[in-house]
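Everything on this sheet refers to the single structure shown next.
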Amino acid sequence: MADSTLSRASRGSALKRWDSAVGALLIVVLLLSFTTVDGFGNALNLSFLIGNTLPIALIALPMTLLVVAGEIDLSVASTAGLSGAVMGALWNQGMTIEAIIPICLLLGVVCGLINGLLVTRLGLSSLAVTIGTLAAYRGIAQIVLGSDAVTDFPTQYLDFAAGRIGESFVPQAFLPFLVLLVIAVVALHLTPFGRSLYAIGASEEAARFSGIRVKRQKLVLFTVTGLMASLTGVFWALHYASARFDNATGLELSVVAAVLLGGIDFDGGKGTLGGAIAGVFLLGALQNVMSLQDVSAQSQIVVTGVLLVLSVLGPRVARQISVARAGRRAASAPVPKAPTPVS
Amino acid sequence: MTHPSEAGPAPVLSLKDVSKSFGAVRALRDVSLELFPGEVHALAGENGAGKSTLIKTLAGVHRPDAGQVLLDGEPVLFHGPGDARDAGIAVIYQEPTLFPDLSIAENIFMGRQPRRALGRIDHKATHAATLALMQRLGVELDPDRPARGLSIADQQIVEIAKALSFDARVLIMDEPTAALTGSEVARLFGVVRTLREQGSAILFISHRLEEIFQICRRVTTLRDGAWISSEPVDGMTEDDLVRRMVGRDLDELYPKQEVEAGEVALSVRRLTREGVFTDVSFDVRRGEIVGLAGLVGAGRTEVARAVFGIDRWDAGEVDIDGKALTNGAPSTAMAAGLALVPEDRRAQGLVMDMSIERNIGLTGLRTTVKAGLVDRGAERSRSLDWAVRLQVKYARIADTVNTLSGGNQQKVVLAKWLATGPKVLIVDEPTRGIDVGTKAEVHRLLSRLAADGVAVLMISSDLPEILGMADRVLVMHEGRLTAEIPRSEATEESVMAAATGRAAA
């Protein structure tokens, strides 16, 4: 009765505190970096920081919605890589970039649709499905482009993807991202669609019994995720002026780490986009500082992995502390938590 | 048998002036209770009265803020459920949790199997010990059978055997009969009597009052966390007990109004889902309450799920107001004016981690919309309106529904569906596991809805409820509709005969 419910009720507030905590941590890290790290505060470095973080941020938008709905897509980096590879291959064929980009985006839609159909129609776990397509999409990317690197895209596109607004620290591509961010925030937090995602993530069965079209919503999410991943792939190839089959390899790890770090509950149903974006830029800032300090790329991956584990652990610890502090030790005593009940 | 407190034997387990609070909620206030060997003692009270907290205090899950737990007259302090178990106190929960892939014997002796040389498990000894326990209980269950596939009733027997293997002297049974059929209850009571004669003390919790009178000698009543009475069951009436639980005289439990039935609102034609139910046809008219009776597993819930669109049907048709519904599409069923209050409110009816406001709001995501966005003001007033109309007891509308008692949770489920203004309301076990006061409220509500012209289909395993509330009773047996009985002819005998397939009613 009262016991388990109280500890669970405090869970929501613990999470809320967690995403403001991540926001506060981001500010602290930025302030520390400004004051103690050489070369951090100049406009050029800041524009690098933001530009390098943008791919993570772009995919984090739909990923947040997916994880809130209790699903995940690990194939995003491969979709981005495939999209870049196709872009390079078609460019080599002599197509115009204006024709290529829509094709790449359409390809992303197809990739996402395949994930979504496998999950919703066949009822497979999205973790398993997207690990499979992670390998498959990357493999196709290699078949399409081989080991070539395509670099000679039109300069006005390269300039847009890598350039800054005047002499400021803001990359030009940041503005379109802001527009997408606003759309995602509205979709998740203000529309009936977003509201239904929280219900699906917290209890898919109850959502279905409430007349929510669970499968359709999930299919939409996977498709949009594929679209955003391919957009990221196009951006990546232009930003770094290089389309290769292995573009964005491992990016899914950063995205998932950032989203979970931002307080999105891996079990679904909890979290905010504000928290997720704070998590993204916290991770981006840390990576930037590590680069400035000449920390090797390999070590940076270690840090990302540790952050991922901490971000899963963190809200749980915060929750337990808040429970203990409320003096309800008895309530969280080990009620014999048995295995799966016989059904 | 003389009253134990006069005859001398000391209580094996007792609570003395125990209080326990969770934050601002005082779950128990100065509660005392004595359990004697060889007695079955009932614990009665509405949902939220403090029964669960009391059980968990006895079981070592909670530590009392004040007062004492006494074992054989000596104060004890349990540091966890393990301590209580070692002291001989076992709790049998409503839905046991066994390891499905292990055998009955392995479940009972999990982690402490008899060993042979080199630490190998002695399967023979485990088997024999399990068989001995089953014999002691007077039950025939094969120790080598896997737990998967056992009925809830059998699983409870396994839990009881496990408790005995720990030499439990006190058994606490938390609503053990809620999910059992009539014959399973009879067998469980046989086991309880055997245990009683062997000197165990049993604390028995049930919302079915007749069971308390059937098997218990004394009853302790709690209300709002406070002790109300402890007294022999002999000489009490059900009304006496209800008065102590509710604190007032209860209005009629089945306040059925006479309503003139209108035109057909829900029409189900030859509906079939292969292997589940076959050729089911019936109508429900505006103003009618139609009861759907039958044994657990007869296919009643499955018909409701298919009608609402959760599962697809293989053949047949469902019409609301003469318009056919799409197969397998709850959203279109909702739009056509159908509402389903499902049987499992925790898994199906509610998102437990969501607020009352948002749970009620879930059915209004299409209607409380302004310019494509959720109209929060409209959502809140819609939720508040229905929470108040159904007299849900809550602190704040933004509290998660898992802070509510079972009865109030059920009201939230009803609120969320009534807020859609349904033409047809299907309720599946609308009062299961909720206290008698709330039960009467739900019945009054259903009756009023029918009077307002809603067509109500009520699935229930509670026969008095079916007989008390339904204008007509449909009965299912093994996936088929076997009888349709008008209110005037519906009796326990006629319904049960059709439900068990013994005779055409």
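Residues are named by chain letter and number: chains run A, B, ... in the order of the structure tokens, numbers start at 1 in each chain, and ligands are numbered from 1 in the order shown.
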
Can you pull out every residue within 6 Å of range 164-178 of chain B, counting only C-alpha atoms, but drop anything in the same chain fewer than 2 positions away, and send it as a tab-separated table (two decimals) with C-alpha atoms, in the first residue's frame?
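The result, stored in out-v8.tsv:
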```tsv
chain	number	residue	atom	x	y	z
B	88	GLY	CA	8.42	-19.00	12.06
B	89	ILE	CA	6.28	-16.35	10.38
B	90	ALA	CA	5.34	-16.90	6.74
B	91	VAL	CA	3.29	-14.76	4.38
B	92	ILE	CA	1.35	-16.31	1.50
B	93	TYR	CA	0.61	-13.62	-1.05
B	94	GLN	CA	-2.36	-13.46	-3.38
B	161	ALA	CA	4.36	-26.18	1.82
B	162	LYS	CA	7.45	-24.00	1.61
B	180	LEU	CA	-9.57	-18.91	-6.96
B	200	SER	CA	-0.65	-23.18	13.45
B	201	ALA	CA	-1.90	-19.65	13.92
B	202	ILE	CA	-3.37	-18.22	10.74
B	203	LEU	CA	-4.10	-14.61	9.91
B	204	PHE	CA	-6.59	-14.52	7.05
B	205	ILE	CA	-7.39	-11.55	4.86
B	206	SER	CA	-10.30	-11.54	2.42
```

Taking the DSSP secondary structure from the backbone, can you list the residues of range 259-441 of chain B that are strand (DSSP E), as a PDB file with N, CA and C atoms, in the first residue's frame?
```
ATOM      1  N   VAL B 264     -31.082  -0.887 -29.568  1.00  0.00           N
ATOM      2  CA  VAL B 264     -29.831  -1.636 -29.444  1.00  0.00           C
ATOM      3  C   VAL B 264     -28.643  -0.698 -29.660  1.00  0.00           C
ATOM      4  N   ALA B 265     -27.693  -0.697 -28.708  1.00  0.00           N
ATOM      5  CA  ALA B 265     -26.500   0.133 -28.854  1.00  0.00           C
ATOM      6  C   ALA B 265     -25.302  -0.711 -29.271  1.00  0.00           C
ATOM      7  N   LEU B 266     -25.155  -1.867 -28.645  1.00  0.00           N
ATOM      8  CA  LEU B 266     -24.054  -2.756 -29.007  1.00  0.00           C
ATOM      9  C   LEU B 266     -24.640  -4.041 -29.558  1.00  0.00           C
ATOM     10  N   SER B 267     -24.197  -4.412 -30.735  1.00  0.00           N
ATOM     11  CA  SER B 267     -24.680  -5.646 -31.326  1.00  0.00           C
ATOM     12  C   SER B 267     -23.478  -6.487 -31.743  1.00  0.00           C
ATOM     13  N   VAL B 268     -23.378  -7.685 -31.190  1.00  0.00           N
ATOM     14  CA  VAL B 268     -22.281  -8.591 -31.515  1.00  0.00           C
ATOM     15  C   VAL B 268     -22.883  -9.761 -32.280  1.00  0.00           C
ATOM     16  N   ARG B 269     -22.364 -10.003 -33.502  1.00  0.00           N
ATOM     17  CA  ARG B 269     -22.956 -11.015 -34.382  1.00  0.00           C
ATOM     18  C   ARG B 269     -21.945 -12.095 -34.722  1.00  0.00           C
ATOM     19  N   ARG B 270     -22.220 -13.315 -34.294  1.00  0.00           N
ATOM     20  CA  ARG B 270     -21.451 -14.506 -34.683  1.00  0.00           C
ATOM     21  C   ARG B 270     -19.944 -14.297 -34.554  1.00  0.00           C
ATOM     22  N   LEU B 271     -19.547 -13.654 -33.484  1.00  0.00           N
ATOM     23  CA  LEU B 271     -18.134 -13.317 -33.312  1.00  0.00           C
ATOM     24  C   LEU B 271     -17.338 -14.566 -32.935  1.00  0.00           C
ATOM     25  N   THR B 272     -16.237 -14.773 -33.636  1.00  0.00           N
ATOM     26  CA  THR B 272     -15.404 -15.957 -33.407  1.00  0.00           C
ATOM     27  C   THR B 272     -13.944 -15.566 -33.411  1.00  0.00           C
ATOM     28  N   ARG B 273     -13.223 -16.044 -32.426  1.00  0.00           N
ATOM     29  CA  ARG B 273     -11.765 -15.972 -32.453  1.00  0.00           C
ATOM     30  C   ARG B 273     -11.302 -17.399 -32.230  1.00  0.00           C
ATOM     31  N   PHE B 277     -13.051 -18.237 -28.557  1.00  0.00           N
ATOM     32  CA  PHE B 277     -14.509 -18.230 -28.413  1.00  0.00           C
ATOM     33  C   PHE B 277     -15.137 -18.407 -29.792  1.00  0.00           C
ATOM     34  N   THR B 278     -16.365 -18.900 -29.808  1.00  0.00           N
ATOM     35  CA  THR B 278     -16.980 -19.311 -31.060  1.00  0.00           C
ATOM     36  C   THR B 278     -18.413 -18.819 -31.160  1.00  0.00           C
ATOM     37  N   ASP B 279     -18.739 -18.183 -32.276  1.00  0.00           N
ATOM     38  CA  ASP B 279     -20.124 -17.901 -32.621  1.00  0.00           C
ATOM     39  C   ASP B 279     -20.881 -17.189 -31.501  1.00  0.00           C
ATOM     40  N   VAL B 280     -20.316 -16.103 -31.024  1.00  0.00           N
ATOM     41  CA  VAL B 280     -20.941 -15.373 -29.925  1.00  0.00           C
ATOM     42  C   VAL B 280     -21.795 -14.242 -30.486  1.00  0.00           C
ATOM     43  N   SER B 281     -23.093 -14.262 -30.176  1.00  0.00           N
ATOM     44  CA  SER B 281     -23.999 -13.205 -30.628  1.00  0.00           C
ATOM     45  C   SER B 281     -24.814 -12.693 -29.452  1.00  0.00           C
ATOM     46  N   PHE B 282     -24.890 -11.379 -29.313  1.00  0.00           N
ATOM     47  CA  PHE B 282     -25.786 -10.802 -28.305  1.00  0.00           C
ATOM     48  C   PHE B 282     -25.963  -9.315 -28.581  1.00  0.00           C
ATOM     49  N   ASP B 283     -26.980  -8.719 -27.978  1.00  0.00           N
ATOM     50  CA  ASP B 283     -27.230  -7.285 -28.068  1.00  0.00           C
ATOM     51  C   ASP B 283     -27.218  -6.686 -26.672  1.00  0.00           C
ATOM     52  N   VAL B 284     -26.826  -5.437 -26.596  1.00  0.00           N
ATOM     53  CA  VAL B 284     -27.032  -4.691 -25.358  1.00  0.00           C
ATOM     54  C   VAL B 284     -27.747  -3.408 -25.741  1.00  0.00           C
ATOM     55  N   ARG B 285     -28.884  -3.146 -25.044  1.00  0.00           N
ATOM     56  CA  ARG B 285     -29.691  -1.975 -25.386  1.00  0.00           C
ATOM     57  C   ARG B 285     -29.340  -0.802 -24.472  1.00  0.00           C
ATOM     58  N   ILE B 289     -28.339  -3.076 -18.174  1.00  0.00           N
ATOM     59  CA  ILE B 289     -27.094  -3.653 -17.677  1.00  0.00           C
ATOM     60  C   ILE B 289     -27.185  -5.147 -17.979  1.00  0.00           C
ATOM     61  N   VAL B 290     -26.286  -5.609 -18.849  1.00  0.00           N
ATOM     62  CA  VAL B 290     -26.283  -7.028 -19.174  1.00  0.00           C
ATOM     63  C   VAL B 290     -25.096  -7.668 -18.483  1.00  0.00           C
ATOM     64  N   GLY B 291     -25.366  -8.703 -17.705  1.00  0.00           N
ATOM     65  CA  GLY B 291     -24.287  -9.399 -17.009  1.00  0.00           C
ATOM     66  C   GLY B 291     -23.721 -10.479 -17.898  1.00  0.00           C
ATOM     67  N   LEU B 292     -22.399 -10.639 -17.859  1.00  0.00           N
ATOM     68  CA  LEU B 292     -21.777 -11.735 -18.599  1.00  0.00           C
ATOM     69  C   LEU B 292     -21.079 -12.615 -17.578  1.00  0.00           C
ATOM     70  N   ALA B 293     -21.662 -13.795 -17.344  1.00  0.00           N
ATOM     71  CA  ALA B 293     -21.152 -14.688 -16.300  1.00  0.00           C
ATOM     72  C   ALA B 293     -20.468 -15.888 -16.934  1.00  0.00           C
ATOM     73  N   GLY B 294     -19.817 -16.657 -16.099  1.00  0.00           N
ATOM     74  CA  GLY B 294     -19.108 -17.833 -16.576  1.00  0.00           C
ATOM     75  C   GLY B 294     -17.903 -18.073 -15.697  1.00  0.00           C
ATOM     76  N   ALA B 315     -13.932 -14.045 -37.345  1.00  0.00           N
ATOM     77  CA  ALA B 315     -15.180 -13.976 -38.099  1.00  0.00           C
ATOM     78  C   ALA B 315     -16.216 -13.261 -37.245  1.00  0.00           C
ATOM     79  N   GLY B 316     -17.232 -12.703 -37.928  1.00  0.00           N
ATOM     80  CA  GLY B 316     -18.302 -12.048 -37.205  1.00  0.00           C
ATOM     81  C   GLY B 316     -18.271 -10.548 -37.380  1.00  0.00           C
ATOM     82  N   GLU B 317     -19.099  -9.862 -36.585  1.00  0.00           N
ATOM     83  CA  GLU B 317     -19.247  -8.422 -36.732  1.00  0.00           C
ATOM     84  C   GLU B 317     -19.632  -7.788 -35.405  1.00  0.00           C
ATOM     85  N   VAL B 318     -19.151  -6.593 -35.192  1.00  0.00           N
ATOM     86  CA  VAL B 318     -19.545  -5.833 -34.006  1.00  0.00           C
ATOM     87  C   VAL B 318     -20.070  -4.484 -34.470  1.00  0.00           C
ATOM     88  N   ASP B 319     -21.296  -4.125 -34.038  1.00  0.00           N
ATOM     89  CA  ASP B 319     -21.881  -2.843 -34.413  1.00  0.00           C
ATOM     90  C   ASP B 319     -22.118  -1.985 -33.182  1.00  0.00           C
ATOM     91  N   ILE B 320     -21.833  -0.698 -33.306  1.00  0.00           N
ATOM     92  CA  ILE B 320     -22.249   0.269 -32.292  1.00  0.00           C
ATOM     93  C   ILE B 320     -23.240   1.188 -32.986  1.00  0.00           C
ATOM     94  N   LYS B 323     -23.486   0.814 -36.655  1.00  0.00           N
ATOM     95  CA  LYS B 323     -22.320   0.987 -37.522  1.00  0.00           C
ATOM     96  C   LYS B 323     -21.241  -0.013 -37.149  1.00  0.00           C
ATOM     97  N   ALA B 324     -20.706  -0.696 -38.167  1.00  0.00           N
ATOM     98  CA  ALA B 324     -19.738  -1.759 -37.905  1.00  0.00           C
ATOM     99  C   ALA B 324     -18.402  -1.185 -37.438  1.00  0.00           C
ATOM    100  N   LEU B 338     -17.413   3.449 -27.624  1.00  0.00           N
ATOM    101  CA  LEU B 338     -17.230   2.267 -26.783  1.00  0.00           C
ATOM    102  C   LEU B 338     -16.154   2.539 -25.741  1.00  0.00           C
ATOM    103  N   ALA B 339     -16.386   2.059 -24.522  1.00  0.00           N
ATOM    104  CA  ALA B 339     -15.377   2.178 -23.475  1.00  0.00           C
ATOM    105  C   ALA B 339     -15.207   0.822 -22.808  1.00  0.00           C
ATOM    106  N   LEU B 340     -13.970   0.488 -22.464  1.00  0.00           N
ATOM    107  CA  LEU B 340     -13.696  -0.782 -21.795  1.00  0.00           C
ATOM    108  C   LEU B 340     -12.903  -0.526 -20.519  1.00  0.00           C
ATOM    109  N   VAL B 341     -13.478  -0.903 -19.385  1.00  0.00           N
ATOM    110  CA  VAL B 341     -12.748  -0.875 -18.122  1.00  0.00           C
ATOM    111  C   VAL B 341     -12.192  -2.278 -17.931  1.00  0.00           C
ATOM    112  N   VAL B 369      -7.647  19.149 -27.295  1.00  0.00           N
ATOM    113  CA  VAL B 369      -6.556  19.628 -28.139  1.00  0.00           C
ATOM    114  C   VAL B 369      -6.895  21.018 -28.649  1.00  0.00           C
ATOM    115  N   LYS B 370      -5.890  21.919 -28.611  1.00  0.00           N
ATOM    116  CA  LYS B 370      -6.080  23.242 -29.183  1.00  0.00           C
ATOM    117  C   LYS B 370      -4.913  23.487 -30.133  1.00  0.00           C
ATOM    118  N   LEU B 373      -2.006  21.075 -30.072  1.00  0.00           N
ATOM    119  CA  LEU B 373      -1.305  20.858 -28.810  1.00  0.00           C
ATOM    120  C   LEU B 373      -2.293  20.436 -27.731  1.00  0.00           C
ATOM    121  N   VAL B 374      -1.766  19.729 -26.715  1.00  0.00           N
ATOM    122  CA  VAL B 374      -2.615  19.350 -25.596  1.00  0.00           C
ATOM    123  C   VAL B 374      -3.066  20.621 -24.880  1.00  0.00           C
ATOM    124  N   VAL B 424     -21.591   2.915 -25.009  1.00  0.00           N
ATOM    125  CA  VAL B 424     -21.532   1.532 -24.537  1.00  0.00           C
ATOM    126  C   VAL B 424     -20.347   1.399 -23.597  1.00  0.00           C
ATOM    127  N   LEU B 425     -20.614   0.880 -22.399  1.00  0.00           N
ATOM    128  CA  LEU B 425     -19.547   0.704 -21.411  1.00  0.00           C
ATOM    129  C   LEU B 425     -19.421  -0.780 -21.087  1.00  0.00           C
ATOM    130  N   ILE B 426     -18.228  -1.327 -21.320  1.00  0.00           N
ATOM    131  CA  ILE B 426     -17.960  -2.701 -20.910  1.00  0.00           C
ATOM    132  C   ILE B 426     -17.102  -2.636 -19.662  1.00  0.00           C
ATOM    133  N   VAL B 427     -17.547  -3.256 -18.585  1.00  0.00           N
ATOM    134  CA  VAL B 427     -16.735  -3.297 -17.373  1.00  0.00           C
ATOM    135  C   VAL B 427     -16.398  -4.754 -17.077  1.00  0.00           C
ATOM    136  N   ASP B 428     -15.093  -5.025 -16.910  1.00  0.00           N
ATOM    137  CA  ASP B 428     -14.639  -6.393 -16.673  1.00  0.00           C
ATOM    138  C   ASP B 428     -14.190  -6.494 -15.221  1.00  0.00           C
TER     139      ASP B 428
END
```

_Residues within 8 Å of range 60-73 of chain B, only C-alpha atoms, excluding chain neighbours under 2 positions, as a VMD selection string_ = (chain A and resid 330 to 331 333 to 335) or (chain B and resid 10 to 21 30 53 56 to 58 75 to 84)

Include C-alpha atoms and write out the residues we just selected as a JSON list (two decimals), in the first residue's frame.
```
[["chain", "number", "residue", "atom", "x", "y", "z"],
["A", 330, "ALA", "CA", 11.98, 0.35, 6.06],
["A", 331, "ALA", "CA", 9.97, 1.03, 2.93],
["A", 333, "ALA", "CA", 13.73, -3.03, 2.71],
["A", 334, "PRO", "CA", 14.21, -6.10, 0.56],
["A", 335, "VAL", "CA", 10.67, -7.19, 0.00],
["B", 10, "ALA", "CA", -0.36, -17.60, 25.27],
["B", 11, "PRO", "CA", -0.55, -15.82, 21.93],
["B", 12, "VAL", "CA", 2.21, -16.98, 19.64],
["B", 13, "LEU", "CA", 2.47, -13.62, 17.92],
["B", 14, "SER", "CA", 1.05, -10.28, 18.90],
["B", 15, "LEU", "CA", 1.23, -6.60, 18.16],
["B", 16, "LYS", "CA", 1.01, -4.14, 21.00],
["B", 17, "ASP", "CA", 0.07, -0.51, 20.34],
["B", 18, "VAL", "CA", 1.90, -0.47, 17.06],
["B", 19, "SER", "CA", 2.07, 2.75, 15.03],
["B", 20, "LYS", "CA", 3.65, 3.29, 11.67],
["B", 21, "SER", "CA", 3.74, 6.38, 9.46],
["B", 30, "ASP", "CA", -1.92, 2.08, 18.18],
["B", 53, "THR", "CA", 1.09, -2.32, 6.53],
["B", 56, "LYS", "CA", 4.37, -6.18, 6.49],
["B", 57, "THR", "CA", 5.08, -5.21, 10.08],
["B", 58, "LEU", "CA", 4.46, -8.79, 11.19],
["B", 75, "PRO", "CA", 9.46, -8.40, 22.30],
["B", 76, "VAL", "CA", 11.30, -8.98, 19.05],
["B", 77, "LEU", "CA", 12.84, -6.70, 16.49],
["B", 78, "PHE", "CA", 12.86, -8.04, 12.94],
["B", 79, "HIS", "CA", 15.57, -6.54, 10.76],
["B", 80, "GLY", "CA", 14.06, -7.92, 7.60],
["B", 81, "PRO", "CA", 11.76, -10.56, 6.18],
["B", 82, "GLY", "CA", 14.48, -13.17, 6.77],
["B", 83, "ASP", "CA", 14.33, -12.60, 10.52],
["B", 84, "ALA", "CA", 10.57, -13.04, 10.57]]
```

*Measuring atom to atom with only C-alpha atoms, identify which of B:Arg187, B:Arg472, B:Arg85, B:Lys439 is nearest to chain A.*
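Of all the options, B:Arg85 lies closest to chain A.
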
Mind checking which residues fall within 6 Å of Pro62 in chain A, counting only C-alpha atoms, ignoring those fewer than 3 positions away in the same chain, and posting them as a PDB file with C-alpha atoms, in the first residue's frame?
```
ATOM      1  CA  ILE A  59      20.294  12.191 -33.507  1.00  0.00           C
ATOM      2  CA  LEU A  65      11.569  10.277 -28.030  1.00  0.00           C
ATOM      3  CA  THR A 225      14.903   8.533 -36.410  1.00  0.00           C
TER       4      THR A 225
END
```

_Atom pair CA of Gln391 in chain B / CA of Thr431 in chain B: separation (Å)_ =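 For CA of Gln391 in chain B relative to CA of Thr431 in chain B, the distance reads 15.7 Å.
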
*In range 53-257 of chain A, DSSP alpha helix (DSSP H) residues written as a PyMOL selection string*: chain A and resi 53-68+76-92+97-120+126-145+155-162+174-189+192-202+204-209+214-239+251-257

*Provide the CA of Lys124 in chain B to CA of Ile152 in chain B distance in Å, to one decimal place.*
26.4 Å

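Note that CA of Leu150 in chain B and CA of Ala179 in chain B are 13.3 Å apart.
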
*Near Ile56 in chain A, within 8 Å and counting only C-alpha atoms, which residues show up once chain neighbours fewer than 2 positions away are dropped, as a PyMOL selection string?*
chain A and resi 53-54+58-60+251+254-255+280

*asked:* If we count only C-alpha atoms and set the cut-off at 9 Å, which residues sit around Val129 in chain A, ignoring sequence neighbours fewer than 2 positions away in its own chain? Please answer as a list in words.
replied: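 The residues that qualify are Asp73, Leu74, Ser75, Asn115, Leu118, Val119, Leu124, Ser125, Ser126, Leu127, Ile131, Gly132, Thr133 and Leu134 of chain A.
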
*Can you tell me, as JSON, numbers by chain, what residues are no more than 8 Å from Ala226 in chain B when counting only C-alpha atoms, ignoring any on the same chain fewer than 3 positions away?*
{"B": [28, 29, 30, 31, 49, 50, 222, 223]}

For the selection just defined, write its residues with N, CA and C atoms to a file, as a PDB file, in the first residue's frame.
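again20.pdb was written with the following content:
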```pdb
ATOM      1  N   LEU B  28      -0.756   3.102  10.447  1.00  0.00           N
ATOM      2  CA  LEU B  28      -1.235   2.344  11.601  1.00  0.00           C
ATOM      3  C   LEU B  28      -1.167   3.247  12.835  1.00  0.00           C
ATOM      4  N   ARG B  29      -2.217   3.187  13.660  1.00  0.00           N
ATOM      5  CA  ARG B  29      -2.228   3.985  14.875  1.00  0.00           C
ATOM      6  C   ARG B  29      -2.600   3.098  16.056  1.00  0.00           C
ATOM      7  N   ASP B  30      -1.664   2.840  16.945  1.00  0.00           N
ATOM      8  CA  ASP B  30      -1.919   2.083  18.181  1.00  0.00           C
ATOM      9  C   ASP B  30      -2.719   0.820  17.928  1.00  0.00           C
ATOM     10  N   VAL B  31      -2.241   0.017  17.007  1.00  0.00           N
ATOM     11  CA  VAL B  31      -2.976  -1.200  16.676  1.00  0.00           C
ATOM     12  C   VAL B  31      -2.452  -2.378  17.501  1.00  0.00           C
ATOM     13  N   ALA B  49      -7.110   0.674   4.829  1.00  0.00           N
ATOM     14  CA  ALA B  49      -7.348   0.674   6.270  1.00  0.00           C
ATOM     15  C   ALA B  49      -6.070   0.367   7.047  1.00  0.00           C
ATOM     16  N   GLY B  50      -5.071  -0.175   6.382  1.00  0.00           N
ATOM     17  CA  GLY B  50      -3.800  -0.472   7.054  1.00  0.00           C
ATOM     18  C   GLY B  50      -3.482  -1.954   7.127  1.00  0.00           C
ATOM     19  N   LEU B 222      -9.882  -3.108  11.144  1.00  0.00           N
ATOM     20  CA  LEU B 222      -9.142  -1.846  11.086  1.00  0.00           C
ATOM     21  C   LEU B 222      -9.940  -0.858  10.248  1.00  0.00           C
ATOM     22  N   ARG B 223      -9.828   0.417  10.630  1.00  0.00           N
ATOM     23  CA  ARG B 223     -10.418   1.461   9.788  1.00  0.00           C
ATOM     24  C   ARG B 223      -9.502   2.674   9.837  1.00  0.00           C
TER      25      ARG B 223
END
```

_Proximity to chain B - best of A:Gly112, A:Gly123, A:Gly51, A:Gly211, only C-alpha atoms_ =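 Looking at the shortest contact to chain B, the residue is A:Gly211.
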
*Considering only C-alpha atoms, state which residue in the set A:Gln217, A:Thr151, A:Ser291, A:Gln298 is at the smallest distance from Gly70 in chain A.*
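Of the candidates, the smallest distance to Gly70 in chain A is held by A:Gln217.
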